[in-house]
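Reproduced below: target-v7.txt, with compact mmCIF, C-alpha atoms.
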```txt
# COMPACT_ATOMS: atom_id res chain seq x y z
CA MET W 126 -13.50 -32.32 26.43
CA ALA W 127 -13.76 -29.87 23.51
CA ASN W 128 -10.63 -28.94 21.64
CA ILE W 129 -9.67 -25.30 21.81
CA LEU W 130 -6.92 -25.72 19.25
CA GLU W 131 -6.68 -28.11 16.32
CA ILE W 132 -3.54 -28.24 14.23
CA ARG W 133 -3.78 -30.24 11.01
CA ASP W 134 -0.87 -31.30 8.84
CA LEU W 135 1.01 -28.05 9.36
CA CYS W 136 3.98 -27.43 7.06
CA TYR W 137 6.48 -24.61 6.95
CA ALA W 138 9.69 -24.11 5.02
CA ILE W 139 12.18 -21.27 4.68
CA GLU W 140 13.83 -21.10 1.26
CA GLY W 141 13.07 -24.74 0.61
CA ARG W 142 14.42 -25.91 3.97
CA PRO W 143 11.58 -27.63 5.85
CA ILE W 144 11.03 -26.40 9.43
CA LEU W 145 7.72 -28.16 10.10
CA ARG W 146 6.69 -31.35 8.29
CA GLY W 147 3.01 -32.14 8.61
CA VAL W 148 2.40 -31.55 12.32
CA THR W 149 -1.02 -32.60 13.62
CA LEU W 150 -1.93 -31.87 17.22
CA ASP W 151 -5.06 -31.12 19.27
CA VAL W 152 -5.16 -29.14 22.50
CA ALA W 153 -8.18 -29.65 24.74
CA GLU W 154 -9.60 -26.94 26.98
CA GLY W 155 -7.63 -26.64 30.19
CA GLU W 156 -4.75 -28.93 29.22
CA THR W 157 -1.09 -28.00 28.88
CA VAL W 158 0.75 -29.55 26.00
CA ALA W 159 4.49 -29.32 26.49
CA LEU W 160 6.26 -28.99 23.15
CA LEU W 161 9.57 -30.70 23.83
CA GLY W 162 12.44 -30.87 21.39
CA ARG W 163 16.01 -29.92 20.64
CA SER W 164 16.88 -26.40 19.49
CA GLY W 165 15.76 -25.93 15.91
CA SER W 166 13.25 -28.79 16.00
CA GLY W 167 10.37 -26.48 15.04
CA LYS W 168 8.54 -26.02 18.35
CA THR W 169 8.82 -22.22 18.54
CA THR W 170 7.88 -21.97 14.86
CA LEU W 171 4.70 -23.89 15.62
CA LEU W 172 3.91 -21.54 18.51
CA LYS W 173 4.35 -18.48 16.31
CA MET W 174 1.98 -19.93 13.75
CA VAL W 175 -0.73 -20.38 16.32
CA ASN W 176 -0.88 -16.61 16.91
CA ARG W 177 -0.06 -15.80 13.29
CA LEU W 178 3.34 -14.23 13.83
CA LEU W 179 4.29 -16.68 11.06
CA HIS W 180 2.16 -18.12 8.27
CA PRO W 181 2.20 -21.81 7.34
CA ASN W 182 2.94 -23.02 3.82
CA GLY W 183 0.43 -25.81 4.23
CA GLY W 184 -2.09 -27.29 6.63
CA GLU W 185 -4.55 -25.58 8.93
CA ILE W 186 -4.87 -24.29 12.48
CA ARG W 187 -8.34 -23.98 14.02
CA PHE W 188 -8.80 -21.96 17.19
CA GLU W 189 -12.13 -22.07 19.01
CA GLY W 190 -13.56 -23.95 16.05
CA LYS W 191 -12.61 -21.32 13.47
CA SER W 192 -9.73 -21.47 11.01
CA SER W 193 -7.01 -19.09 12.17
CA ALA W 194 -6.81 -17.69 8.64
CA ASP W 195 -10.39 -16.45 9.12
CA TRP W 196 -9.60 -14.70 12.40
CA ASP W 197 -8.65 -11.05 12.43
CA PRO W 198 -5.02 -11.42 13.58
CA ILE W 199 -5.38 -8.67 16.21
CA ARG W 200 -8.50 -10.30 17.75
CA LEU W 201 -6.87 -13.71 17.56
CA ARG W 202 -3.75 -12.54 19.43
CA ARG W 203 -5.79 -10.86 22.15
CA ARG W 204 -7.49 -14.22 22.78
CA MET W 205 -4.10 -15.80 23.50
CA GLY W 206 -1.68 -14.97 26.29
CA TYR W 207 1.96 -14.95 25.22
CA VAL W 208 4.99 -15.37 27.46
CA ILE W 209 8.56 -15.49 26.15
CA GLN W 210 11.97 -16.17 27.63
CA ASP W 211 12.96 -12.69 28.77
CA ALA W 212 9.31 -11.73 29.30
CA GLY W 213 9.39 -8.98 26.64
CA LEU W 214 8.09 -6.43 29.15
CA PHE W 215 7.95 -2.82 27.96
CA PRO W 216 10.88 -1.17 29.74
CA HIS W 217 9.24 2.27 29.70
CA TRP W 218 6.03 1.09 31.37
CA THR W 219 5.42 0.24 35.01
CA VAL W 220 4.47 -3.26 36.11
CA GLU W 221 0.87 -2.14 36.38
CA ALA W 222 0.84 -0.74 32.83
CA ASN W 223 2.56 -3.85 31.48
CA VAL W 224 0.08 -6.23 33.08
CA GLY W 225 -2.85 -4.03 32.01
CA LEU W 226 -1.68 -3.82 28.38
CA VAL W 227 -4.40 -5.93 26.76
CA LEU W 228 -7.02 -4.44 29.09
CA LYS W 229 -6.06 -1.00 27.82
CA LEU W 230 -6.12 -2.20 24.21
CA GLU W 231 -9.59 -3.61 24.89
CA ASN W 232 -10.71 -0.29 26.41
CA TRP W 233 -11.47 -1.54 29.90
CA PRO W 234 -12.52 1.24 32.31
CA PRO W 235 -9.32 2.21 34.21
CA SER W 236 -10.74 1.36 37.65
CA ASP W 237 -11.77 -2.15 36.53
CA ALA W 238 -8.39 -2.65 34.85
CA ARG W 239 -6.63 -1.58 38.03
CA ARG W 240 -8.59 -4.04 40.17
CA ARG W 241 -7.90 -6.82 37.69
CA VAL W 242 -4.17 -6.02 37.61
CA GLU W 243 -3.97 -6.06 41.42
CA MET W 244 -5.78 -9.39 41.53
CA LEU W 245 -3.39 -10.87 38.95
CA LEU W 246 -0.27 -9.58 40.69
CA ASP W 247 -1.53 -11.11 43.92
CA MET W 248 -2.12 -14.37 42.12
CA VAL W 249 1.41 -14.59 40.71
CA GLY W 250 2.85 -13.79 44.12
CA LEU W 251 3.78 -10.10 43.74
CA LEU W 252 2.38 -7.66 46.31
CA PRO W 253 0.53 -5.02 44.27
CA ASP W 254 1.43 -2.20 46.68
CA GLU W 255 5.10 -3.03 46.38
CA PHE W 256 5.37 -3.92 42.69
CA ALA W 257 2.65 -2.12 40.69
CA GLY W 258 4.68 1.09 40.37
CA ARG W 259 8.04 -0.51 39.59
CA TYR W 260 9.71 -0.59 36.21
CA PRO W 261 10.96 -3.87 34.69
CA ARG W 262 14.60 -2.94 35.33
CA GLN W 263 13.78 -2.90 39.05
CA LEU W 264 12.72 -6.56 38.98
CA SER W 265 14.64 -9.84 39.25
CA GLY W 266 14.41 -12.40 36.42
CA GLY W 267 11.81 -14.43 38.29
CA GLN W 268 9.73 -11.36 39.09
CA LYS W 269 9.79 -10.30 35.43
CA GLN W 270 8.47 -13.71 34.40
CA ARG W 271 5.71 -13.45 37.02
CA VAL W 272 4.73 -10.08 35.54
CA GLY W 273 4.88 -11.65 32.06
CA ILE W 274 2.50 -14.40 33.16
CA ALA W 275 0.15 -11.92 34.84
CA ARG W 276 0.16 -9.90 31.61
CA ALA W 277 -0.67 -12.99 29.57
CA LEU W 278 -3.58 -13.84 31.88
CA ALA W 279 -4.95 -10.29 32.03
CA ALA W 280 -7.77 -10.46 29.51
CA ASP W 281 -8.65 -14.02 30.56
CA PRO W 282 -7.63 -15.69 27.29
CA PRO W 283 -8.57 -19.37 26.94
CA LEU W 284 -5.11 -20.29 25.60
CA LEU W 285 -1.60 -19.42 26.76
CA LEU W 286 1.44 -19.63 24.51
CA MET W 287 4.65 -20.02 26.51
CA ASP W 288 7.99 -19.96 24.69
CA GLU W 289 10.63 -21.29 27.09
CA PRO W 290 9.39 -18.82 29.69
CA PHE W 291 11.61 -20.08 32.52
CA ALA W 292 14.72 -21.03 30.54
CA ALA W 293 16.79 -18.06 31.72
CA LEU W 294 16.02 -18.47 35.43
CA ASP W 295 18.21 -20.10 38.07
CA PRO W 296 17.18 -23.70 38.84
CA ILE W 297 15.50 -22.93 42.16
CA THR W 298 13.45 -20.02 40.83
CA ARG W 299 12.64 -22.08 37.77
CA PHE W 300 11.31 -24.92 39.91
CA GLU W 301 9.17 -22.51 41.93
CA MET W 302 7.79 -20.94 38.76
CA GLN W 303 6.97 -24.33 37.27
CA ARG W 304 5.07 -25.35 40.40
CA GLN W 305 3.24 -22.06 40.49
CA PHE W 306 2.39 -22.33 36.82
CA VAL W 307 0.81 -25.76 37.38
CA GLU W 308 -1.29 -24.35 40.24
CA LEU W 309 -2.34 -21.32 38.19
CA ARG W 310 -3.24 -23.51 35.27
CA ARG W 311 -5.47 -25.63 37.51
CA SER W 312 -7.21 -22.68 39.14
CA PHE W 313 -7.71 -20.74 35.89
CA HIS W 314 -8.46 -23.80 33.77
CA LYS W 315 -6.43 -22.44 30.86
CA ALA W 316 -5.11 -24.42 27.94
CA ALA W 317 -1.44 -23.86 27.21
CA LEU W 318 1.20 -24.69 24.66
CA PHE W 319 4.48 -24.72 26.57
CA VAL W 320 7.70 -24.81 24.55
CA THR W 321 10.71 -26.23 26.38
CA HIS W 322 13.89 -28.16 25.69
CA ASP W 323 14.06 -29.40 29.28
CA VAL W 324 12.48 -32.84 29.71
CA ARG W 325 12.14 -32.33 33.47
CA GLU W 326 10.15 -29.14 32.85
CA ALA W 327 7.98 -30.89 30.25
CA LEU W 328 7.22 -33.67 32.75
CA THR W 329 6.34 -31.11 35.46
CA VAL W 330 4.10 -28.73 33.54
CA GLY W 331 2.64 -30.87 30.75
CA SER W 332 -0.64 -32.75 30.80
CA ARG W 333 0.79 -34.25 27.63
CA ILE W 334 4.20 -34.05 26.04
CA ALA W 335 4.54 -33.54 22.29
CA LEU W 336 8.05 -34.52 21.28
CA PHE W 337 9.45 -32.81 18.18
CA GLN W 338 12.20 -34.18 16.01
CA ASP W 339 13.40 -32.37 12.88
CA GLY W 340 10.12 -30.52 12.39
CA ALA W 341 7.87 -33.55 12.85
CA LEU W 342 6.06 -34.97 15.88
CA ASP W 343 7.82 -38.05 17.21
CA LEU W 344 5.09 -38.85 19.75
CA VAL W 345 2.45 -37.26 21.98
CA LEU W 346 2.04 -38.88 25.40
CA PRO W 347 1.03 -38.05 28.97
CA PRO W 348 4.06 -37.71 31.30
CA ALA W 349 3.67 -41.13 32.94
CA GLU W 350 3.67 -42.86 29.58
CA PHE W 351 6.39 -40.63 28.20
CA LEU W 352 8.71 -41.98 30.89
CA ARG W 353 8.31 -45.43 29.31
CA ALA W 354 8.45 -44.23 25.69
CA GLY W 355 10.75 -46.23 23.45
CA THR W 356 11.56 -44.00 20.48
CA PRO W 357 15.25 -43.10 20.16
CA GLU W 358 14.53 -39.36 20.55
CA ALA W 359 12.42 -39.90 23.69
CA ARG W 360 15.11 -42.17 25.14
CA ALA W 361 17.73 -39.50 24.36
CA PHE W 362 15.72 -36.94 26.31
CA LEU W 363 15.00 -39.33 29.19
CA ALA W 364 18.69 -40.15 29.42
CA SER W 365 19.29 -36.48 30.27
CA LEU W 366 17.42 -37.14 33.54
CA GLU W 367 20.11 -39.59 34.66
CA PRO W 368 23.15 -38.22 36.47
CA ALA W 369 26.19 -38.00 34.20
CA GLY W 370 28.12 -41.27 34.18
CA GLY W 371 24.95 -43.27 34.84
CA PRO W 372 23.79 -44.96 38.08
CA SER W 373 26.66 -46.24 40.22
CA MET S 39 32.17 47.67 23.33
CA ASN S 40 30.18 50.42 21.70
CA SER S 41 26.43 50.19 21.69
CA ARG S 42 26.18 49.97 17.89
CA LEU S 43 28.35 46.84 17.86
CA ALA S 44 26.42 45.35 20.77
CA SER S 45 23.14 45.91 19.02
CA GLU S 46 24.50 44.44 15.78
CA ILE S 47 25.73 41.35 17.66
CA PHE S 48 22.27 41.04 19.21
CA TRP S 49 20.38 41.30 15.91
CA LEU S 50 22.73 39.03 14.00
CA SER S 51 22.56 36.48 16.83
CA LEU S 52 18.79 36.60 16.59
CA GLU S 53 19.00 36.10 12.85
CA HIS S 54 21.37 33.20 13.44
CA VAL S 55 18.92 31.58 15.87
CA GLU S 56 16.17 32.06 13.29
CA LEU S 57 18.25 30.33 10.58
CA VAL S 58 19.03 27.42 12.89
CA ALA S 59 15.49 27.09 14.23
CA ILE S 60 13.85 27.04 10.79
CA THR S 61 16.47 24.56 9.57
CA ILE S 62 15.96 22.16 12.48
CA VAL S 63 12.17 22.34 12.29
CA VAL S 64 12.19 21.64 8.54
CA ALA S 65 14.86 18.92 8.80
CA ALA S 66 12.98 17.26 11.67
CA ALA S 67 9.70 17.46 9.77
CA ILE S 68 11.34 15.51 6.95
CA GLY S 69 13.85 13.38 8.88
CA LEU S 70 11.60 11.98 11.62
CA PRO S 71 8.86 10.56 9.36
CA ALA S 72 11.48 9.42 6.85
CA GLY S 73 13.37 7.59 9.63
CA VAL S 74 10.16 5.88 10.76
CA ALA S 75 9.32 4.91 7.19
CA LEU S 76 12.82 3.56 6.50
CA ALA S 77 12.73 1.44 9.66
CA ARG S 78 9.93 -0.55 7.99
CA ARG S 79 11.50 -0.78 4.53
CA VAL S 80 14.70 -2.74 4.51
CA SER S 81 15.07 -2.70 0.71
CA ILE S 82 15.30 1.06 0.18
CA ARG S 83 17.00 1.82 3.50
CA ARG S 84 20.52 1.34 2.19
CA TRP S 85 19.94 3.49 -0.86
CA VAL S 86 18.46 6.39 1.06
CA MET S 87 21.16 6.25 3.72
CA SER S 88 23.89 6.18 1.06
CA ILE S 89 22.46 9.26 -0.64
CA ALA S 90 22.09 11.04 2.71
CA ASN S 91 25.68 10.14 3.62
CA LEU S 92 26.87 11.38 0.25
CA ALA S 93 25.12 14.74 0.69
CA GLN S 94 26.99 15.09 3.97
CA THR S 95 30.38 14.76 2.27
CA VAL S 96 29.90 17.79 0.01
CA PRO S 97 31.88 20.68 1.54
CA SER S 98 29.39 23.21 2.88
CA LEU S 99 30.79 26.25 1.09
CA ALA S 100 30.66 24.29 -2.18
CA LEU S 101 27.08 23.22 -1.53
CA PHE S 102 26.03 26.84 -1.02
CA GLY S 103 27.76 27.60 -4.31
CA PHE S 104 26.03 24.72 -6.13
CA LEU S 105 22.62 25.87 -4.93
CA LEU S 106 23.04 29.50 -6.00
CA PRO S 107 22.30 29.09 -9.74
CA LEU S 108 19.40 26.62 -9.25
CA PRO S 109 15.98 27.93 -10.23
CA PHE S 110 13.34 28.05 -7.43
CA LEU S 111 15.70 26.61 -4.78
CA GLY S 112 18.72 28.80 -5.31
CA GLY S 113 19.55 32.50 -5.43
CA ILE S 114 21.07 34.86 -2.93
CA GLY S 115 19.44 34.94 0.49
CA LYS S 116 18.07 33.02 3.46
CA ARG S 117 16.05 30.46 1.54
CA THR S 118 19.07 28.99 -0.22
CA ALA S 119 20.97 28.99 3.07
CA ILE S 120 18.19 27.14 4.86
CA ILE S 121 17.93 24.52 2.09
CA ALA S 122 21.66 23.83 2.28
CA LEU S 123 21.62 23.71 6.09
CA CYS S 124 18.65 21.32 6.00
CA LEU S 125 20.58 18.90 3.80
CA TYR S 126 23.25 18.71 6.49
CA ALA S 127 20.86 18.57 9.44
CA LEU S 128 18.79 15.83 7.84
CA LEU S 129 21.34 13.04 8.13
CA PRO S 130 21.84 12.94 11.93
CA ILE S 131 18.09 13.26 12.49
CA LEU S 132 17.28 10.53 9.97
CA ARG S 133 20.04 8.22 11.14
CA ASN S 134 19.27 8.57 14.84
CA THR S 135 15.53 8.07 14.32
CA LEU S 136 16.28 4.93 12.36
CA THR S 137 18.84 3.66 14.88
CA GLY S 138 16.48 4.40 17.76
CA ILE S 139 13.62 2.43 16.25
CA LEU S 140 15.77 -0.46 15.04
CA GLY S 141 17.42 -0.56 18.46
CA VAL S 142 14.20 -1.51 20.24
CA ASP S 143 14.66 -4.97 21.76
CA ALA S 144 13.25 -7.58 19.35
CA ALA S 145 11.60 -9.41 22.27
CA VAL S 146 9.76 -6.24 23.27
CA ARG S 147 8.55 -5.63 19.73
CA GLU S 148 7.54 -9.26 19.29
CA SER S 149 5.58 -9.37 22.51
CA ALA S 150 3.84 -6.09 21.56
CA VAL S 151 2.65 -7.66 18.31
CA ALA S 152 1.83 -10.98 19.96
CA MET S 153 -0.28 -9.27 22.64
CA GLY S 154 -2.47 -7.89 19.86
CA MET S 155 -1.18 -4.37 19.30
CA THR S 156 -1.78 -2.92 15.85
CA GLU S 157 1.21 -1.70 13.87
CA ARG S 158 0.29 1.89 14.68
CA GLN S 159 0.09 1.10 18.41
CA VAL S 160 3.47 -0.64 18.30
CA LEU S 161 4.98 2.45 16.67
CA TRP S 162 3.42 5.11 18.90
CA GLN S 163 3.33 3.29 22.23
CA VAL S 164 6.46 1.17 22.06
CA GLU S 165 8.97 2.01 19.34
CA LEU S 166 8.87 5.82 19.35
CA PRO S 167 8.92 6.25 23.15
CA LEU S 168 11.89 3.88 23.36
CA ALA S 169 13.61 5.67 20.47
CA VAL S 170 13.19 9.14 22.03
CA PRO S 171 16.66 9.38 23.60
CA SER S 172 18.27 8.49 20.27
CA ILE S 173 16.03 10.89 18.34
CA VAL S 174 16.81 13.75 20.74
CA ALA S 175 20.51 12.93 20.43
CA GLY S 176 20.11 13.28 16.65
CA LEU S 177 18.40 16.65 17.07
CA ARG S 178 21.23 17.72 19.36
CA ILE S 179 23.94 16.81 16.86
CA ALA S 180 21.97 18.47 14.06
CA THR S 181 21.43 21.66 16.08
CA VAL S 182 25.02 22.02 17.22
CA THR S 183 26.47 21.42 13.75
CA THR S 184 23.92 23.73 12.14
CA ILE S 185 24.87 26.56 14.51
CA GLY S 186 28.45 26.20 13.25
CA THR S 187 27.67 25.67 9.57
CA ALA S 188 25.14 28.53 9.53
CA THR S 189 28.01 31.01 9.86
CA ILE S 190 28.89 30.15 6.26
CA ALA S 191 25.37 31.17 5.19
CA ALA S 192 26.56 34.77 5.22
CA ALA S 193 28.61 33.97 2.11
CA ILE S 194 25.41 33.78 0.09
CA GLY S 195 23.54 36.55 1.86
CA GLY S 196 21.90 34.34 4.46
CA GLY S 197 22.76 36.69 7.30
CA GLY S 198 23.50 35.58 10.85
CA LEU S 199 26.74 35.72 12.82
CA GLY S 200 28.74 34.72 9.76
CA VAL S 201 28.37 38.32 8.61
CA PHE S 202 30.92 39.33 11.26
CA ILE S 203 33.22 36.48 10.39
CA PHE S 204 33.31 37.24 6.66
CA ARG S 205 33.63 40.95 7.35
CA GLY S 206 36.48 40.27 9.78
CA ILE S 207 38.25 38.07 7.22
CA ALA S 208 37.89 40.75 4.53
CA MET S 209 39.20 43.43 6.92
CA VAL S 210 41.82 41.09 8.42
CA ASP S 211 40.40 42.12 11.79
CA THR S 212 40.40 39.50 14.53
CA PRO S 213 38.03 41.30 16.95
CA THR S 214 35.37 41.44 14.22
CA ILE S 215 35.80 37.73 13.52
CA LEU S 216 35.47 37.05 17.25
CA ALA S 217 32.30 39.16 17.40
CA GLY S 218 30.76 36.46 15.20
CA ALA S 219 32.64 33.40 16.38
CA VAL S 220 32.25 33.80 20.14
CA PRO S 221 28.44 34.20 20.22
CA ALA S 222 28.12 31.28 17.77
CA ALA S 223 30.30 29.08 19.96
CA MET S 224 28.33 30.08 23.06
CA MET S 225 25.09 29.35 21.27
CA ALA S 226 26.36 25.88 20.34
CA LEU S 227 27.40 25.16 23.94
CA VAL S 228 24.05 26.26 25.34
CA ALA S 229 22.13 24.21 22.74
CA ASP S 230 24.29 21.18 23.44
CA GLU S 231 23.81 21.36 27.20
CA GLY S 232 20.09 22.10 26.94
CA LEU S 233 19.34 19.27 24.54
CA GLU S 234 21.49 16.87 26.53
CA TRP S 235 19.44 17.71 29.59
CA ILE S 236 16.21 17.03 27.65
CA GLU S 237 17.70 13.77 26.36
CA ARG S 238 18.40 12.64 29.92
CA LYS S 239 14.94 13.66 31.13
CA LEU S 240 13.22 11.74 28.35
CA SER S 241 15.19 8.53 28.78
CA PRO S 242 12.64 5.87 29.71
CA GLY S 243 12.48 4.21 33.12
```
As structure tokens - that is how I would like this structure written.
Amino acid sequence: MANILEIRDLCYAIEGRPILRGVTLDVAEGETVALLGRSGSGKTTLLKMVNRLLHPNGGEIRFEGKSSADWDPIRLRRRMGYVIQDAGLFPHWTVEANVGLVLKLENWPPSDARRRVEMLLDMVGLLPDEFAGRYPRQLSGGQKQRVGIARALAADPPLLLMDEPFAALDPITRFEMQRQFVELRRSFHKAALFVTHDVREALTVGSRIALFQDGALDLVLPPAEFLRAGTPEARAFLASLEPAGGPS
Amino acid sequence: MNSRLASEIFWLSLEHVELVAITIVVAAAIGLPAGVALARRVSIRRWVMSIANLAQTVPSLALFGFLLPLPFLGGIGKRTAIIALCLYALLPILRNTLTGILGVDAAVRESAVAMGMTERQVLWQVELPLAVPSIVAGLRIATVTTIGTATIAAAIGGGGLGVFIFRGIAMVDTPTILAGAVPAAMMALVADEGLEWIERKLSPG
């Protein structure tokens, strides 16, 4: 399968302190790569480089076969959906306006945009009649994230960037959202980079898991193989799946 | 109250409103864009805010006095008064515009950029609408303080309700002072209530 995203030897440092050390990673069309790692291991930095919110000190990112440095940053970002922890919804816009943001920026005719927004809300499990006119403050955490995902999918981008999108949700809602995300990913055939520090989440949503340690990739493996991985960092994460105190 | 006094109160009140209105329009025309510009420029922000804060500490009567001998800006009359009043009105407008824009949730701003909005779109569609309550609050503070400070404008021939107050002081006549002070206080109350209502109406969501 063709690669939608190719990351080559990516380096980044702030005031001499390395954040990313030579990360190389490919993302194929339709696959979700879970970027797993401790806080500060560089996974969010990598995500922000993909849509050029940050600029690497070295290495290259190619998106749809073209170096990201050659993309117009505005065009590049509109080709990528972006979902963050507290959704980042515009508080002064309704759900409908939030979801239709990129459609408006891309000058879709309002009636087409409206149909598309209703379809997306339906897809993420929010009744358009009930939710389209609400403001973000009238939504629960889970509903906000659903709106955030619908917004990211609006202009049908081939790649989604998800930065710990479910981290602030209660465990039950989080589990539901993870399941729904996997279904959506299958039906839309989107590629995704999914940042998480939760190994269970990485195993659920990822087609592959890229494990970060101190700004470098420790390993990249499909979930089934990750469960048998032997590196100390992978074992540390897998140990978090065991109940505290170990098996009795 | 005789009709001559009533008519004088009316005309001086009108003149007072004119002083305040011109001041606020000019101060807003400078303060709003300056606040927006400073929100983007961290390096000069502190300098500009320090200077603006400093201007605020000069006693108003002294500032009127300082301006009088200046060529072009100074001299007896309304223009000097308006310049001095603008210097005072500028700070709350500038500061509140800046605070309003900087107060926009970082996640909201980041997602606006990440969704492919241009810098101009982020400013006009996200930052400014969310900063509106703070900006209006700044205009409210500026308006209410200007209504009070503008009474001193009479000292340099600026006109307005201060004419009564200075006349009353010179004549040691409380009713004359009140003829200036009461309408000014009422004006301030009305402006405060009115702008607070607008502030509430424009609060997003």
12 Å contact set for range 298-314 of chain W, all atoms listed in the file, chain neighbours under 6 positions out, as a PyMOL selection string: chain W and resi 153-158+208+210+245+247-250+265-275+278-279+281-285+287+289-292+321+323+325-332
Contact table chain S vs chain W, cut-off 12 Å, shortest pair per residue, all atoms listed in the file, as CSV:
```
residue,atom,partner,partner_atom,distance
S:Val142,CA,W:Phe215,CA,10.0
S:Asp143,CA,W:Gly213,CA,8.2
S:Ala144,CA,W:Gly213,CA,8.4
S:Ala145,CA,W:Gly213,CA,4.9
S:Val146,CA,W:Gly213,CA,4.4
S:Arg147,CA,W:Gly213,CA,7.7
S:Glu148,CA,W:Gly213,CA,7.6
S:Ser149,CA,W:Gly213,CA,5.6
S:Ala150,CA,W:Gly213,CA,8.1
S:Val151,CA,W:Leu178,CA,8.0
S:Ala152,CA,W:Arg202,CA,5.8
S:Met153,CA,W:Arg202,CA,5.7
S:Gly154,CA,W:Ile199,CA,4.7
S:Met155,CA,W:Ile199,CA,6.8
S:Thr156,CA,W:Ile199,CA,6.8
S:Glu157,CA,W:Ile199,CA,9.9
S:Gln159,CA,W:Leu230,CA,9.1
S:Val160,CA,W:Phe215,CA,10.9
S:Gln163,CA,W:Phe215,CA,9.6
S:Val164,CA,W:Phe215,CA,7.3
S:Glu165,CA,W:Phe215,CA,9.9
S:Leu166,CA,W:His217,CA,10.9
S:Pro167,CA,W:His217,CA,7.7
S:Leu168,CA,W:His217,CA,7.1
S:Ala169,CA,W:His217,CA,10.8
S:Val170,CA,W:His217,CA,11.0
S:Pro171,CA,W:His217,CA,12.0
S:Leu240,CA,W:His217,CA,10.4
S:Ser241,CA,W:His217,CA,8.7
S:Pro242,CA,W:His217,CA,5.0
S:Gly243,CA,W:His217,CA,5.1
```
Considering all atoms listed in the file, return as a VMD selection string whatever protein or nucleic-acid residues lie within 12 Å of Ile89 in chain S, sequence-local ones (same chain, fewer than 3 positions apart) excluded. chain S and resid 82 to 86 92 to 96 125 to 126 128 to 129 132
Nearby residues (only C-alpha atoms) at most 12 Å from Leu233 in chain S, same-chain spacing under 3 positions excluded, as an mmCIF file with C-alpha atoms, keeping the file's coordinate frame:
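Result file part_23.cif:
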```
data_model
loop_
_atom_site.group_PDB
_atom_site.id
_atom_site.type_symbol
_atom_site.label_atom_id
_atom_site.label_comp_id
_atom_site.auth_asym_id
_atom_site.auth_seq_id
_atom_site.Cartn_x
_atom_site.Cartn_y
_atom_site.Cartn_z
ATOM 1 C CA PRO S 171 16.660 9.380 23.600
ATOM 2 C CA SER S 172 18.270 8.490 20.270
ATOM 3 C CA ILE S 173 16.030 10.890 18.340
ATOM 4 C CA VAL S 174 16.810 13.750 20.740
ATOM 5 C CA ALA S 175 20.510 12.930 20.430
ATOM 6 C CA GLY S 176 20.110 13.280 16.650
ATOM 7 C CA LEU S 177 18.400 16.650 17.070
ATOM 8 C CA ARG S 178 21.230 17.720 19.360
ATOM 9 C CA ILE S 179 23.940 16.810 16.860
ATOM 10 C CA ALA S 180 21.970 18.470 14.060
ATOM 11 C CA THR S 181 21.430 21.660 16.080
ATOM 12 C CA VAL S 182 25.020 22.020 17.220
ATOM 13 C CA ALA S 226 26.360 25.880 20.340
ATOM 14 C CA LEU S 227 27.400 25.160 23.940
ATOM 15 C CA VAL S 228 24.050 26.260 25.340
ATOM 16 C CA ALA S 229 22.130 24.210 22.740
ATOM 17 C CA ASP S 230 24.290 21.180 23.440
ATOM 18 C CA ILE S 236 16.210 17.030 27.650
ATOM 19 C CA GLU S 237 17.700 13.770 26.360
ATOM 20 C CA ARG S 238 18.400 12.640 29.920
ATOM 21 C CA LYS S 239 14.940 13.660 31.130
ATOM 22 C CA LEU S 240 13.220 11.740 28.350
#
```
Thr184 in chain S environment, 8 Å, all atoms listed in the file, sequence neighbours closer than 6 positions dropped, as an MDAnalysis selection string: chainID S and resid 58 61 123 126:127
Could you give me, as a list in words, the residues that sit within 10 Å of (-3.2, -28.6, 3.4) in the file's coordinates, counting only C-alpha atoms? Arg133, Asp134, Leu135, Cys136, Gly147, Pro181, Asn182, Gly183, Gly184 and Glu185 of chain W
Just how far from CA of Ala194 in chain W is CA of Asn232 in chain W, in Å to one decimal? 25.2 Å
By how many Å are CA of Ala192 in chain S and CA of Lys116 in chain S apart?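 Taking CA of Ala192 in chain S as the start and CA of Lys116 in chain S as the end point, the length is 8.8 Å.
Rounded to one decimal, CA of Gly195 in chain S and CA of Leu70 in chain S lie 29.0 Å from each other.
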Sel. within 12 Å of pt (27.3, 34.4, 12.5), counting all atoms listed in the file, output as a ChimeraX atom specification: /S:46-58,184-193,195-206,214-226
Pick out the closest residue to Ala159 in chain W from this set: W:Glu350, W:Asp288, W:Glu358, W:Asp339. Count all atoms listed in the file.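 Checking each of W:Glu350, W:Asp288, W:Glu358, W:Asp339 against Ala159 in chain W, counting all atoms listed in the file, the winner is W:Asp288.
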Taking 5 positions as the minimum chain separation for residues in the same chain, which residues sit within 7 Å of Leu336 in chain W when counting only C-alpha atoms? Answer as a VMD selection string. chain W and resid 160 to 162 342 to 345
Deliver the residues from the most recent selection as a file, using C-alpha atoms, as a PDB file, in the frame of the given file.
```
ATOM      1  CA  LEU W 160       6.260 -28.990  23.150  1.00  0.00           C
ATOM      2  CA  LEU W 161       9.570 -30.700  23.830  1.00  0.00           C
ATOM      3  CA  GLY W 162      12.440 -30.870  21.390  1.00  0.00           C
ATOM      4  CA  LEU W 342       6.060 -34.970  15.880  1.00  0.00           C
ATOM      5  CA  ASP W 343       7.820 -38.050  17.210  1.00  0.00           C
ATOM      6  CA  LEU W 344       5.090 -38.850  19.750  1.00  0.00           C
ATOM      7  CA  VAL W 345       2.450 -37.260  21.980  1.00  0.00           C
TER       8      VAL W 345
END
```
Would you compute an axis-aligned box for range 121-131 of chain S, covering every atom listed for it in the file with 5 Å of margin on each side, and report centre and edge lengths in Å to one decimal as lines of an AutoDock Vina configuration file?
```
center_x = 20.6
center_y = 18.7
center_z = 7.3
size_x = 15.3
size_y = 21.6
size_z = 20.4
```
